[in-house]
$ cat protein-v5.txt   # compact mmCIF, C-alpha atoms
# COMPACT_ATOMS: atom_id res chain seq x y z
CA MET B 814 124.90 85.48 127.65
CA ASN B 815 121.45 86.74 128.60
CA GLU B 816 118.83 84.16 129.49
CA THR B 817 115.73 83.95 127.30
CA PRO B 818 112.72 85.39 129.18
CA ILE B 819 109.82 83.03 129.88
CA LEU B 820 106.19 84.05 129.38
CA THR B 821 104.49 83.97 132.78
CA LYS B 822 100.92 82.86 133.40
CA ARG B 823 99.98 86.43 134.34
CA GLN B 824 101.46 87.80 131.10
CA TYR B 825 99.70 85.09 129.11
CA LEU B 826 96.29 85.91 130.59
CA ASP B 827 96.87 89.64 130.12
CA TYR B 828 97.78 89.20 126.45
CA ARG B 829 94.77 86.94 125.88
CA GLN B 830 92.50 89.62 127.33
CA ARG B 831 94.08 92.40 125.30
CA ILE B 832 93.87 90.35 122.09
CA GLN B 833 90.15 89.83 122.70
CA ALA B 834 89.83 93.59 123.20
CA GLY B 835 91.40 94.15 119.78
CA ASP B 836 94.64 95.72 120.98
CA PHE B 837 96.93 93.62 118.78
CA VAL B 838 97.40 92.00 115.43
CA VAL B 839 98.42 88.37 115.98
CA VAL B 840 100.83 86.96 113.39
CA ALA B 841 101.43 83.21 113.75
CA GLY B 842 104.09 81.05 112.12
CA GLU B 843 107.89 81.12 111.96
CA HIS B 844 108.27 82.55 108.45
CA ARG B 845 105.75 85.36 108.84
CA ALA B 846 106.90 86.33 112.31
CA GLN B 847 110.60 86.34 111.39
CA GLU B 848 109.87 88.29 108.18
CA LEU B 849 108.27 91.10 110.19
CA VAL B 850 110.98 91.08 112.86
CA ALA B 851 113.68 91.28 110.16
CA SER B 852 111.86 94.20 108.50
CA GLY B 853 112.27 96.27 111.63
CA ARG B 854 108.54 96.63 112.21
CA ARG B 855 107.67 97.56 115.79
CA TYR B 856 106.08 94.79 117.83
CA ASP B 857 104.96 94.34 121.43
CA ILE B 858 106.22 90.81 122.05
CA TRP B 859 107.76 87.99 120.03
CA LEU B 860 106.97 84.51 121.32
CA SER B 861 108.76 81.29 120.41
CA ASP B 862 108.60 77.69 121.58
CA VAL B 863 112.41 77.55 121.77
CA ALA B 864 115.02 79.92 123.16
CA ILE B 865 115.94 82.50 120.54
CA GLU B 866 117.59 85.91 120.88
CA GLY B 867 115.05 88.71 121.10
CA ALA B 868 112.07 86.43 121.73
CA THR B 869 110.20 85.34 124.84
CA GLN B 870 109.85 81.59 125.27
CA ALA B 871 106.32 80.20 125.60
CA THR B 872 104.75 76.77 125.87
CA SER B 873 102.82 75.14 123.04
CA GLU B 874 99.59 75.64 124.97
CA GLN B 875 100.32 79.34 125.42
CA LEU B 876 101.17 79.75 121.73
CA LYS B 877 97.99 77.95 120.75
CA GLY B 878 95.86 80.09 123.08
CA ILE B 879 97.38 83.38 121.95
CA SER B 880 97.35 82.52 118.24
CA GLN B 881 93.71 81.31 118.40
CA LEU B 882 94.64 78.52 115.98
CA ALA B 883 93.68 74.86 116.23
CA THR B 884 97.34 73.81 116.17
CA ALA B 885 100.04 75.60 118.12
CA PRO B 886 102.47 77.54 115.87
CA ARG B 887 106.19 77.65 116.59
CA MET B 888 106.19 81.44 116.81
CA VAL B 889 103.71 84.25 117.44
CA LEU B 890 104.26 87.98 117.03
CA LEU B 891 101.96 90.58 118.61
CA LEU B 892 101.95 93.94 116.85
CA PRO B 893 100.00 97.19 117.11
CA ILE B 894 97.00 97.56 114.80
CA PRO B 895 98.28 99.29 111.63
CA GLN B 896 97.18 102.93 111.50
CA THR B 897 97.64 103.91 107.88
CA VAL B 898 95.78 106.51 105.84
CA PRO B 899 95.77 106.24 102.03
CA GLU B 900 96.97 109.34 100.21
CA ALA B 901 95.03 110.09 97.01
CA PRO B 902 94.69 106.45 95.90
CA LYS B 903 94.53 105.74 92.18
CA ARG B 904 93.79 102.00 92.48
CA ALA B 905 91.55 100.81 95.31
CA LEU B 906 89.52 97.78 96.37
CA TYR B 907 86.25 98.16 98.28
CA LEU B 908 84.74 95.23 100.20
CA ASP B 909 80.99 95.62 100.59
CA GLU B 910 79.77 93.60 103.60
CA VAL B 911 82.20 90.73 102.97
CA GLN B 912 81.62 88.69 106.12
CA ASP B 913 84.03 85.75 105.97
CA PRO B 914 87.37 86.71 107.58
CA GLY B 915 89.26 84.36 105.24
CA ASN B 916 87.77 86.14 102.22
CA VAL B 917 88.63 89.53 103.70
CA GLY B 918 92.25 88.51 104.27
CA THR B 919 92.58 86.97 100.80
CA CYS B 920 91.13 90.10 99.17
CA ILE B 921 93.65 92.26 101.03
CA ARG B 922 96.45 89.94 99.88
CA THR B 923 95.21 90.19 96.29
CA ALA B 924 94.99 93.98 96.48
CA ALA B 925 98.57 94.23 97.73
CA TRP B 926 99.83 91.84 95.02
CA PHE B 927 98.25 93.85 92.22
CA GLY B 928 99.39 97.22 93.52
CA CYS B 929 96.23 98.71 95.01
CA ASP B 930 96.88 101.85 97.03
CA ALA B 931 94.13 101.15 99.57
CA VAL B 932 91.52 98.64 100.69
CA TYR B 933 88.23 100.02 102.01
CA LEU B 934 85.85 97.94 104.12
CA SER B 935 82.19 98.84 104.49
CA PRO B 936 80.34 98.53 107.79
CA GLY B 937 79.39 94.89 108.24
CA CYS B 938 82.66 93.47 106.93
CA ALA B 939 84.63 90.94 108.96
CA ASN B 940 87.46 92.30 111.07
CA PRO B 941 90.57 92.47 108.83
CA PHE B 942 92.80 92.17 111.91
CA SER B 943 91.28 88.95 113.28
CA ALA B 944 93.51 85.88 113.43
CA LYS B 945 91.87 84.23 110.40
CA SER B 946 92.00 87.39 108.27
CA VAL B 947 95.63 88.01 109.15
CA GLN B 948 96.60 84.43 108.27
CA ALA B 949 94.78 84.65 104.92
CA SER B 950 96.40 88.00 104.12
CA GLY B 951 99.94 86.61 104.31
CA ASN B 952 101.17 89.77 106.10
CA ALA B 953 99.56 91.97 103.42
CA ILE B 954 97.70 93.91 106.11
CA PHE B 955 101.03 95.63 106.74
CA GLN B 956 101.64 96.39 103.06
CA VAL B 957 98.50 98.26 101.97
CA PRO B 958 96.45 100.88 103.87
CA ILE B 959 93.16 99.50 105.23
CA VAL B 960 90.19 101.72 106.04
CA ARG B 961 87.35 100.19 108.09
CA ASN B 962 83.70 101.33 108.18
CA ALA B 963 84.41 103.30 105.03
CA GLU B 964 82.22 105.00 102.48
CA LEU B 965 83.01 104.64 98.81
CA PRO B 966 86.03 106.76 97.84
CA HIS B 967 85.59 109.55 95.31
CA LEU B 968 86.94 107.57 92.37
CA TRP B 969 85.54 105.86 89.26
CA VAL B 970 83.65 103.03 91.00
CA VAL B 971 83.38 99.70 89.19
CA GLY B 972 80.97 97.23 90.74
CA THR B 973 80.84 93.47 90.15
CA ASP B 974 77.85 91.31 89.29
CA MET B 975 78.05 87.87 87.73
CA GLY B 976 75.14 88.65 85.43
CA SER B 977 76.75 91.74 83.90
CA PRO B 978 78.97 91.89 80.78
CA TRP B 979 82.75 91.69 81.05
CA GLN B 980 84.84 94.79 80.42
CA ALA B 981 88.53 93.99 80.07
CA THR B 982 89.75 97.56 79.56
CA THR B 983 91.21 99.11 82.70
CA PRO B 984 89.51 102.41 83.62
CA THR B 985 91.64 105.32 82.41
CA GLU B 986 91.10 107.40 85.54
CA ALA B 987 91.65 106.59 89.21
CA TRP B 988 89.37 103.70 90.07
CA CYS B 989 87.89 101.61 92.86
CA LEU B 990 86.78 98.01 92.30
CA VAL B 991 83.87 96.83 94.47
CA VAL B 992 83.25 93.21 95.43
CA GLY B 993 80.11 92.39 97.36
CA ASN B 994 78.78 90.10 100.05
CA GLU B 995 79.20 86.35 99.62
CA GLY B 996 75.44 85.73 99.56
CA HIS B 997 73.70 88.74 98.02
CA GLY B 998 76.44 90.70 96.30
CA MET B 999 76.61 94.48 96.44
CA SER B 1000 74.20 96.37 98.67
CA GLN B 1001 71.60 98.52 96.95
CA ALA B 1002 73.22 101.74 98.19
CA VAL B 1003 76.64 100.76 96.84
CA ARG B 1004 75.18 99.47 93.57
CA ALA B 1005 73.42 102.80 93.04
CA ALA B 1006 76.71 104.66 93.55
CA THR B 1007 78.74 102.69 90.99
CA SER B 1008 79.98 104.27 87.78
CA GLN B 1009 79.72 100.95 85.93
CA ILE B 1010 79.11 97.26 86.70
CA ILE B 1011 80.97 94.35 85.16
CA GLY B 1012 80.82 90.58 85.42
CA ILE B 1013 83.15 87.65 84.75
CA PRO B 1014 81.86 85.24 82.09
CA ALA B 1015 82.29 81.51 82.64
CA TYR B 1016 84.58 79.85 80.10
CA ALA B 1017 82.42 76.70 80.11
CA PRO B 1018 78.99 77.86 81.35
CA GLU B 1019 77.41 74.42 80.89
CA ARG B 1020 79.50 73.02 83.76
CA ALA B 1021 80.34 76.18 85.72
CA PRO B 1022 79.23 76.70 89.33
CA GLU B 1023 76.71 79.40 90.16
CA SER B 1024 79.36 82.02 90.86
CA LEU B 1025 82.96 82.68 91.87
CA ASN B 1026 84.12 83.17 95.42
CA VAL B 1027 84.38 86.90 96.21
CA ALA B 1028 88.17 86.72 96.57
CA GLN B 1029 88.45 84.78 93.29
CA ALA B 1030 86.41 87.45 91.53
CA ALA B 1031 88.62 90.24 92.86
CA THR B 1032 91.73 88.34 91.79
CA ALA B 1033 90.42 87.67 88.27
CA ILE B 1034 89.50 91.30 87.59
CA LEU B 1035 92.60 92.87 89.14
CA ALA B 1036 94.80 90.41 87.25
CA ALA B 1037 93.08 91.19 83.96
CA TRP B 1038 93.37 94.94 84.49
CA THR B 1039 96.98 94.75 85.62
CA LEU B 1040 98.37 92.23 83.15
CA GLN B 1041 96.60 93.18 79.93

$ encode --input "protein-v5.txt" --output "C-alpha cells"
Amino acid sequence: MNETPILTKRQYLDYRQRIQAGDFVVVAGEHRAQELVASGRRYDIWLSDVAIEGATQATSEQLKGISQLATAPRMVLLLPIPQTVPEAPKRALYLDEVQDPGNVGTCIRTAAWFGCDAVYLSPGCANPFSAKSVQASGNAIFQVPIVRNAELPHLWVVGTDMGSPWQATTPTEAWCLVVGNEGHGMSQAVRAATSQIIGIPAYAPERAPESLNVAQAATAILAAWTLQ
C-alpha cells in the first residue's frame, strides 16, 4: 500500500505564493472538494488533514493558511482558473461594479441555478475566484462561464433600479439582466446602454428596508422570470 504524501514546508510556501499570484482557485471543505474530485475535474493538488487515497496530507495550520479561512477546513482542493467562453448566450447575468466578493459568488450561484449561460463582470468587480467568492458560489464557478472585465453583451439588456416599475414578463428574445453596485447601483454608462429598467416592489413598503441586497435582487428577478 502506498504511503500518503505529506505536504512539505517548501511546498506549502510555494502554494501560498502562487495562490496570492492568482494561479489557482481554492475550494475548501470536504463536500465541495470531494464533489469536484469525483466529477473528474482536473486539479493541481488535493489536501486533507487525514490520510486518504489520492490526497496529500497537511496540517490544520497549513490547511488554514492555504484556504485563507478563519477556521481550518478538513480538505482543500487547488484547481486551475476556469477558462470558459460562452457560446451565443441566451440568458446572461451582468454584474456592474459589484465589489463584495460574497455578493459576486452568490450572484454566480444564482445564475447557475436559474440556467444562465454566462456571467459577465464589469471592470471594478470583486475577483470571482477569490476564496470568499468561491465559497459563496458553492462550486458554481465551475458550472457557468464567467467573463471578467467585460462589456455588455449584445443582447436585450434589462437593468435594475429599485425605483422603477416591476415587469414580470420574461423578455422574449435573448437577454442579459444587469445588477449594479451595492452603494450606487448601475453606472451611468451601463444605465444608458440598457434596453429597459425594472425594479422590485416591496410587499409591505411601510416596513421595508431601503433596498434589497444585490444578490437578493438578482435571485428575485431570475426566479420570477424562470418560474412564471

$ atom_distance --input "protein-v5.txt" --atom1 "atom CA of Ile1034 of chain B" --atom2 "atom CA of Ile1013 of chain B"
7.9 Å

$ closest_residue --input "protein-v5.txt" --among "B:Ala1006, B:Ala944, B:Ala1036, B:Val898" --to "Thr983 of chain B" --atoms "only C-alpha atoms"
B:Ala1036

$ closest_residue --input "protein-v5.txt" --among "B:Gln870, B:Cys989, B:Arg1020, B:Ile894" --to "Thr821 of chain B" --atoms "all atoms listed in the file"
B:Gln870

$ residues_around --input "protein-v5.txt" --residues "Thr817 of chain B" --least-positions-apart "6" --cutoff "9 Å" --atoms "all atoms listed in the file" --output "ChimeraX atom specification"
/B:864-870

$ residues_near_point --input "protein-v5.txt" --point "(97.3, 87.1, 102.9)" --cutoff "6 Å" --atoms "all atoms listed in the file" --output "list of chain:residue names"
B:Gly918, B:Thr919, B:Arg922, B:Ala949, B:Ser950, B:Gly951, B:Asn952, B:Ala953

$ closest_residue --input "protein-v5.txt" --among "B:Ala841, B:Ala871, B:Tyr856, B:Gln833" --to "Leu820 of chain B" --atoms "all atoms listed in the file"
B:Ala871

$ atom_distance --input "protein-v5.txt" --atom1 "atom CA of Asp909 of chain B" --atom2 "atom CA of Pro895 of chain B"
20.8 Å

$ closest_residue --input "protein-v5.txt" --among "B:Leu906, B:Ile819, B:Val889, B:Val863" --to "Glu964 of chain B" --atoms "only C-alpha atoms"
B:Leu906

$ residues_around --input "protein-v5.txt" --residues "Ala939 of chain B" --least-positions-apart "3" --cutoff "7 Å" --atoms "only C-alpha atoms" --output "list in words"
Val911, Gln912, Asp913, Pro914 and Val917 of chain B

$ residues_around --input "protein-v5.txt" --residues "Asn962 of chain B" --least-positions-apart "3" --cutoff "12 Å" --atoms "all atoms listed in the file" --output "ChimeraX atom specification"
/B:907-911,932-941,959,965-966

$ atom_distance --input "protein-v5.txt" --atom1 "atom CA of Ser852 of chain B" --atom2 "atom CA of Lys945 of chain B"
22.4 Å

$ closest_residue --input "protein-v5.txt" --among "B:Gly928, B:Gly835, B:Glu986, B:Trp859" --to "Leu1040 of chain B" --atoms "only C-alpha atoms"
B:Gly928

$ closest_residue --input "protein-v5.txt" --among "B:Leu860, B:Leu990, B:Ala1002, B:Leu876" --to "Ala924 of chain B" --atoms "all atoms listed in the file"
B:Leu990

$ build_atoms --input "protein-v5.txt" --residues "segment 818-854 of chain B" --atoms "N, CA and C atoms" --output "PDB file, keeping the file's coordinate frame"
ATOM      1  N   PRO B 818     113.850  85.222 128.246  1.00  0.00           N
ATOM      2  CA  PRO B 818     112.720  85.390 129.180  1.00  0.00           C
ATOM      3  C   PRO B 818     111.639  84.350 128.911  1.00  0.00           C
ATOM      4  N   ILE B 819     110.901  84.014 129.954  1.00  0.00           N
ATOM      5  CA  ILE B 819     109.820  83.030 129.880  1.00  0.00           C
ATOM      6  C   ILE B 819     108.493  83.741 130.083  1.00  0.00           C
ATOM      7  N   LEU B 820     107.510  83.446 129.244  1.00  0.00           N
ATOM      8  CA  LEU B 820     106.190  84.050 129.380  1.00  0.00           C
ATOM      9  C   LEU B 820     105.511  83.507 130.645  1.00  0.00           C
ATOM     10  N   THR B 821     105.134  84.400 131.547  1.00  0.00           N
ATOM     11  CA  THR B 821     104.490  83.970 132.780  1.00  0.00           C
ATOM     12  C   THR B 821     102.993  83.771 132.560  1.00  0.00           C
ATOM     13  N   LYS B 822     102.359  83.085 133.484  1.00  0.00           N
ATOM     14  CA  LYS B 822     100.920  82.860 133.400  1.00  0.00           C
ATOM     15  C   LYS B 822     100.172  84.189 133.419  1.00  0.00           C
ATOM     16  N   ARG B 823     100.630  85.119 134.247  1.00  0.00           N
ATOM     17  CA  ARG B 823      99.980  86.430 134.340  1.00  0.00           C
ATOM     18  C   ARG B 823     100.099  87.180 133.004  1.00  0.00           C
ATOM     19  N   GLN B 824     101.282  87.154 132.405  1.00  0.00           N
ATOM     20  CA  GLN B 824     101.460  87.800 131.100  1.00  0.00           C
ATOM     21  C   GLN B 824     100.556  87.151 130.052  1.00  0.00           C
ATOM     22  N   TYR B 825     100.525  85.834 130.078  1.00  0.00           N
ATOM     23  CA  TYR B 825      99.700  85.090 129.110  1.00  0.00           C
ATOM     24  C   TYR B 825      98.241  85.507 129.211  1.00  0.00           C
ATOM     25  N   LEU B 826      97.693  85.540 130.404  1.00  0.00           N
ATOM     26  CA  LEU B 826      96.290  85.910 130.590  1.00  0.00           C
ATOM     27  C   LEU B 826      96.040  87.359 130.198  1.00  0.00           C
ATOM     28  N   ASP B 827      97.010  88.228 130.486  1.00  0.00           N
ATOM     29  CA  ASP B 827      96.870  89.640 130.120  1.00  0.00           C
ATOM     30  C   ASP B 827      96.865  89.812 128.606  1.00  0.00           C
ATOM     31  N   TYR B 828      97.759  89.105 127.912  1.00  0.00           N
ATOM     32  CA  TYR B 828      97.780  89.200 126.450  1.00  0.00           C
ATOM     33  C   TYR B 828      96.515  88.617 125.842  1.00  0.00           C
ATOM     34  N   ARG B 829      96.014  87.518 126.378  1.00  0.00           N
ATOM     35  CA  ARG B 829      94.770  86.940 125.880  1.00  0.00           C
ATOM     36  C   ARG B 829      93.631  87.957 125.983  1.00  0.00           C
ATOM     37  N   GLN B 830      93.557  88.630 127.118  1.00  0.00           N
ATOM     38  CA  GLN B 830      92.500  89.620 127.330  1.00  0.00           C
ATOM     39  C   GLN B 830      92.645  90.796 126.372  1.00  0.00           C
ATOM     40  N   ARG B 831      93.858  91.252 126.173  1.00  0.00           N
ATOM     41  CA  ARG B 831      94.080  92.400 125.300  1.00  0.00           C
ATOM     42  C   ARG B 831      93.863  92.044 123.828  1.00  0.00           C
ATOM     43  N   ILE B 832      94.155  90.803 123.452  1.00  0.00           N
ATOM     44  CA  ILE B 832      93.870  90.350 122.090  1.00  0.00           C
ATOM     45  C   ILE B 832      92.371  90.349 121.850  1.00  0.00           C
ATOM     46  N   GLN B 833      91.612  89.843 122.820  1.00  0.00           N
ATOM     47  CA  GLN B 833      90.150  89.830 122.700  1.00  0.00           C
ATOM     48  C   GLN B 833      89.585  91.233 122.619  1.00  0.00           C
ATOM     49  N   ALA B 834      90.269  92.194 123.250  1.00  0.00           N
ATOM     50  CA  ALA B 834      89.830  93.590 123.200  1.00  0.00           C
ATOM     51  C   ALA B 834      90.226  94.275 121.897  1.00  0.00           C
ATOM     52  N   GLY B 835      91.009  93.583 121.056  1.00  0.00           N
ATOM     53  CA  GLY B 835      91.400  94.150 119.780  1.00  0.00           C
ATOM     54  C   GLY B 835      92.606  95.059 119.834  1.00  0.00           C
ATOM     55  N   ASP B 836      93.467  94.857 120.832  1.00  0.00           N
ATOM     56  CA  ASP B 836      94.640  95.720 120.980  1.00  0.00           C
ATOM     57  C   ASP B 836      95.791  95.345 120.049  1.00  0.00           C
ATOM     58  N   PHE B 837      95.785  94.109 119.545  1.00  0.00           N
ATOM     59  CA  PHE B 837      96.930  93.620 118.780  1.00  0.00           C
ATOM     60  C   PHE B 837      96.511  92.929 117.491  1.00  0.00           C
ATOM     61  N   VAL B 838      97.445  92.923 116.556  1.00  0.00           N
ATOM     62  CA  VAL B 838      97.400  92.000 115.430  1.00  0.00           C
ATOM     63  C   VAL B 838      98.251  90.794 115.819  1.00  0.00           C
ATOM     64  N   VAL B 839      97.697  89.594 115.639  1.00  0.00           N
ATOM     65  CA  VAL B 839      98.420  88.370 115.980  1.00  0.00           C
ATOM     66  C   VAL B 839      98.915  87.714 114.697  1.00  0.00           C
ATOM     67  N   VAL B 840     100.232  87.619 114.551  1.00  0.00           N
ATOM     68  CA  VAL B 840     100.830  86.960 113.390  1.00  0.00           C
ATOM     69  C   VAL B 840     101.451  85.651 113.863  1.00  0.00           C
ATOM     70  N   ALA B 841     100.972  84.529 113.324  1.00  0.00           N
ATOM     71  CA  ALA B 841     101.430  83.210 113.750  1.00  0.00           C
ATOM     72  C   ALA B 841     102.243  82.541 112.660  1.00  0.00           C
ATOM     73  N   GLY B 842     103.258  81.787 113.070  1.00  0.00           N
ATOM     74  CA  GLY B 842     104.090  81.050 112.120  1.00  0.00           C
ATOM     75  C   GLY B 842     105.503  81.610 112.068  1.00  0.00           C
ATOM     76  N   GLU B 843     106.483  80.708 111.952  1.00  0.00           N
ATOM     77  CA  GLU B 843     107.890  81.120 111.960  1.00  0.00           C
ATOM     78  C   GLU B 843     108.224  82.091 110.833  1.00  0.00           C
ATOM     79  N   HIS B 844     107.864  81.724 109.600  1.00  0.00           N
ATOM     80  CA  HIS B 844     108.270  82.550 108.450  1.00  0.00           C
ATOM     81  C   HIS B 844     107.692  83.946 108.542  1.00  0.00           C
ATOM     82  N   ARG B 845     106.391  84.039 108.823  1.00  0.00           N
ATOM     83  CA  ARG B 845     105.750  85.360 108.840  1.00  0.00           C
ATOM     84  C   ARG B 845     106.230  86.205 110.009  1.00  0.00           C
ATOM     85  N   ALA B 846     106.409  85.576 111.159  1.00  0.00           N
ATOM     86  CA  ALA B 846     106.900  86.330 112.310  1.00  0.00           C
ATOM     87  C   ALA B 846     108.329  86.823 112.076  1.00  0.00           C
ATOM     88  N   GLN B 847     109.204  85.958 111.608  1.00  0.00           N
ATOM     89  CA  GLN B 847     110.600  86.340 111.390  1.00  0.00           C
ATOM     90  C   GLN B 847     110.725  87.380 110.277  1.00  0.00           C
ATOM     91  N   GLU B 848     109.860  87.302 109.273  1.00  0.00           N
ATOM     92  CA  GLU B 848     109.870  88.290 108.180  1.00  0.00           C
ATOM     93  C   GLU B 848     109.593  89.682 108.733  1.00  0.00           C
ATOM     94  N   LEU B 849     108.621  89.796 109.624  1.00  0.00           N
ATOM     95  CA  LEU B 849     108.270  91.100 110.190  1.00  0.00           C
ATOM     96  C   LEU B 849     109.339  91.594 111.159  1.00  0.00           C
ATOM     97  N   VAL B 850     109.906  90.682 111.954  1.00  0.00           N
ATOM     98  CA  VAL B 850     110.980  91.080 112.860  1.00  0.00           C
ATOM     99  C   VAL B 850     112.169  91.597 112.054  1.00  0.00           C
ATOM    100  N   ALA B 851     112.536  90.885 110.993  1.00  0.00           N
ATOM    101  CA  ALA B 851     113.680  91.280 110.160  1.00  0.00           C
ATOM    102  C   ALA B 851     113.446  92.615 109.457  1.00  0.00           C
ATOM    103  N   SER B 852     112.180  92.937 109.183  1.00  0.00           N
ATOM    104  CA  SER B 852     111.860  94.200 108.500  1.00  0.00           C
ATOM    105  C   SER B 852     112.013  95.413 109.395  1.00  0.00           C
ATOM    106  N   GLY B 853     112.150  95.165 110.695  1.00  0.00           N
ATOM    107  CA  GLY B 853     112.270  96.270 111.630  1.00  0.00           C
ATOM    108  C   GLY B 853     110.952  96.822 112.123  1.00  0.00           C
ATOM    109  N   ARG B 854     109.854  96.165 111.771  1.00  0.00           N
ATOM    110  CA  ARG B 854     108.540  96.630 112.210  1.00  0.00           C
ATOM    111  C   ARG B 854     108.415  96.515 113.726  1.00  0.00           C
TER     112      ARG B 854
END
